[in-house]
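Data first, discussion second: the structure below is written as structure tokens.
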Amino acid sequence: MEKKLVFNSLISTGSFSEFVNRIFELSANKFSSYVCFANAHMVVESYKDPDFNTVLNNADLVAPDGGPISKMIKVFHKKNQQRVCGMDLVPALLEEAEKRGKSVYFFGTTDEVLDTIRKKAETHVPNLKIAGTYSPPFRNLSQEEKEDIIKMINDSEPDLLFVALGCPKQEKWMAEHMGKVNACMLGVGQAFLTYAGLEQRLPKWARNLSIEWMYRFYLEPKRLWKRYLVTNSFFILLFLKYKFLPKSQKKINQLS
């Protein structure tokens, strides 16, 4: 699976099923790896922060989670790329894990959300092996605490570790634990809430128009106004820069 440059972020390309299969390939023999799900917010953060850009570009897979990202691949690389959204991929991966006899671990968010996820999975994928769940404290952890968490996860021997700590915290956490956690780590964030049924999604036609962010903004305007209004505006400015300034376009052509 190839990676294509969107501004200065490397995004993986391929079909939905190819992403599913590649993730299970990464989980084979429980080698350490990590997968990011890139939307406009993440790509803007990557553009502004060189360290986070390194984290994103070093990921084994970076799925085009947001509609604008898949559209940028079409604009800059003339390649039709479907959106591979974490909210869609999580249930698909759980179903495939059940079929393949693979185990999963849910890490992050709150105990209440994790309990709801377990109950949902018992109905959705009753034969799925859930290696464990853990909601880490919402504070800085000591080195000893970090090591205890790594040991707890590795002792449960999961194939897939779903991580929901929010962007960019979850991506930085996965990069920090690369080579330490013996599983394929997936930074799925908001997908925990939608899978658990605690947050509703817009109809598919609305998602295809890339306006799902508007619904989330409506639900949490105080928390998300900066992310969506400021970040989305910056994303549009980046698009104009890379689309119409020759030097920026040349960089994309050279690095892809």
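Please note that chains go A, B, ... in the order of the structure tokens, that every chain numbers its residues from 1, and that ligands are numbered from 1 in the order shown.
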Could I get the residues of stretch 17-36 of chain A with an atom no further than 10 Å from an atom of stretch 182-192 of chain A, each paired with its nearest atom pair and that distance in Å to one decimal, using only C-alpha atoms, sorted by chain and residue number, as CSV?
```
residue,atom,partner,partner_atom,distance
A:Ile23,CA,A:Cys184,CA,7.3
A:Phe24,CA,A:Cys184,CA,8.1
A:Glu25,CA,A:Cys184,CA,9.2
A:Leu26,CA,A:Cys184,CA,6.2
A:Ser27,CA,A:Cys184,CA,5.0
A:Ala28,CA,A:Ala183,CA,8.5
A:Asn29,CA,A:Ala183,CA,8.5
A:Lys30,CA,A:Ala183,CA,4.8
A:Phe31,CA,A:Asn182,CA,5.4
A:Ser32,CA,A:Asn182,CA,4.8
A:Ser33,CA,A:Cys184,CA,4.8
A:Tyr34,CA,A:Met185,CA,4.5
A:Val35,CA,A:Leu186,CA,4.8
A:Cys36,CA,A:Gly187,CA,5.4
```
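Note that the spacing between atom CA of A:Tyr242 and atom CA of A:Asn57 amounts to 18.6 Å.
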>> So that I can check the surroundings of A:Asn80, please list as an MDAnalysis selection string every protein, DNA and RNA residue that reaches within 8 Å of it, counting only C-alpha atoms and ignoring chain neighbours fewer than 3 positions away.
In response: chainID A and resid 70 73:74
Skipping near chain neighbours, those fewer than 2 positions away, what residues fall within 12 Å of A:Met152 using only C-alpha atoms, listed as a compact mmCIF listing (two decimals) with N, CA and C atoms, in the first residue's frame?
```txt
# COMPACT_ATOMS: atom_id res chain seq x y z
N TYR A 105 -7.94 -5.30 22.59
CA TYR A 105 -7.85 -4.60 23.88
C TYR A 105 -8.32 -3.17 23.65
N PHE A 107 -8.27 0.62 25.07
CA PHE A 107 -7.45 1.44 25.98
C PHE A 107 -7.83 2.90 25.82
N ALA A 131 -9.24 -9.12 25.22
CA ALA A 131 -8.11 -9.38 26.11
C ALA A 131 -8.17 -8.51 27.36
N GLY A 132 -8.76 -7.31 27.22
CA GLY A 132 -8.85 -6.43 28.38
C GLY A 132 -9.31 -5.04 28.00
N THR A 133 -9.57 -4.24 29.01
CA THR A 133 -9.91 -2.82 28.84
C THR A 133 -9.22 -2.06 29.96
N TYR A 134 -8.85 -0.80 29.67
CA TYR A 134 -8.23 0.02 30.72
C TYR A 134 -8.40 1.49 30.40
N PRO A 136 -6.82 4.85 31.51
CA PRO A 136 -5.69 5.40 32.27
C PRO A 136 -6.09 6.69 32.99
N GLU A 145 4.49 3.78 36.55
CA GLU A 145 3.10 3.56 36.13
C GLU A 145 3.04 3.20 34.65
N LYS A 146 3.82 3.90 33.83
CA LYS A 146 3.86 3.61 32.40
C LYS A 146 4.31 2.18 32.15
N GLU A 147 5.33 1.75 32.86
CA GLU A 147 5.84 0.39 32.68
C GLU A 147 4.82 -0.65 33.14
N ASP A 148 4.10 -0.34 34.20
CA ASP A 148 3.06 -1.26 34.68
C ASP A 148 1.94 -1.41 33.64
N ILE A 149 1.59 -0.32 32.98
CA ILE A 149 0.55 -0.37 31.95
C ILE A 149 1.02 -1.21 30.76
N ILE A 150 2.26 -1.00 30.34
CA ILE A 150 2.81 -1.78 29.23
C ILE A 150 2.78 -3.27 29.57
N ASN A 154 0.74 -6.18 27.59
CA ASN A 154 1.48 -7.29 26.96
C ASN A 154 1.14 -8.63 27.59
N ASP A 155 0.90 -8.65 28.90
CA ASP A 155 0.54 -9.92 29.56
C ASP A 155 -0.79 -10.47 29.06
N SER A 156 -1.67 -9.58 28.57
CA SER A 156 -2.97 -10.03 28.06
C SER A 156 -2.88 -10.51 26.61
N GLU A 157 -1.75 -10.23 25.96
CA GLU A 157 -1.45 -10.70 24.60
C GLU A 157 -2.52 -10.35 23.56
N PRO A 158 -2.88 -9.08 23.44
CA PRO A 158 -3.85 -8.71 22.40
C PRO A 158 -3.20 -8.68 21.01
N LYS A 180 7.49 -1.32 22.34
CA LYS A 180 7.27 -1.71 23.73
C LYS A 180 5.97 -2.51 23.87
N VAL A 181 4.92 -2.04 23.19
CA VAL A 181 3.64 -2.75 23.21
C VAL A 181 3.62 -3.76 22.07
N ASN A 182 3.38 -5.02 22.41
CA ASN A 182 3.44 -6.10 21.42
C ASN A 182 2.09 -6.32 20.77
```
Neighbours of A:Gly101 within 9 Å (only C-alpha atoms; same-chain residues fewer than 2 positions away dropped), as a compact mmCIF listing (two decimals) with C-alpha atoms, in the first residue's frame?
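Writing done, so here's part-v4.txt:
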```
# COMPACT_ATOMS: atom_id res chain seq x y z
CA GLU A 96 -12.88 -9.82 11.30
CA ALA A 97 -11.08 -10.42 14.61
CA GLU A 98 -13.95 -12.63 15.71
CA LYS A 99 -13.72 -14.63 12.46
CA SER A 103 -8.01 -10.79 20.48
CA ASN A 127 -17.37 -14.75 20.17
CA LEU A 128 -14.81 -11.94 20.08
CA LYS A 129 -11.86 -12.39 22.42
```
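Between atom CA of A:Asp51 and atom CA of A:Trp173 the separation is 12.9 Å.
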> Hey, what does DSSP flag as strand (DSSP E or B) within stretch 9-245 of chain A? Can you give it to me as an MDAnalysis selection string?
Replying inline: chainID A and resid 9:12 33:38 61:64 103:108 129:134 160:164 184:187
> Within 7 Å of A:Ser9, counting only C-alpha atoms, which residues qualify if same-chain residues fewer than 6 places away don't, as a PyMOL selection string?
Replying inline: chain A and resi 43+46+53+57
Output C-alpha atoms for every residue in the selection just made, as a PDB file, in the first residue's frame.
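After the write, result.pdb holds the following:
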```pdb
ATOM      1  CA  VAL A  43      -3.055  17.098   9.006  1.00  0.00           C
ATOM      2  CA  SER A  46       1.126  17.801  11.528  1.00  0.00           C
ATOM      3  CA  ASN A  53       4.655  15.358  11.667  1.00  0.00           C
ATOM      4  CA  ASN A  57       4.755   9.979   8.943  1.00  0.00           C
TER       5      ASN A  57
END
```
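All residues of protein, DNA or RNA that reach within 10 Å of A:Leu89, judged by only C-alpha atoms and not counting those fewer than 5 positions away in the chain, are Phe16, Ser17, Phe19, Val20, Ala63, Asp65, Val84, Leu94, Glu95, Val188 and Ala191 of chain A.
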> So which residues of stretch 92-187 of chain A fall under helix (DSSP H, G or I) by DSSP, listed as number ranges by chain?
Replying inline: A: 92-100, 111-124, 143-156, 169-176
>> If I take atom CA of A:Asp60 and atom CA of A:Ser12, how far is one from the other in Å, to one decimal?
In response: 8.8 Å
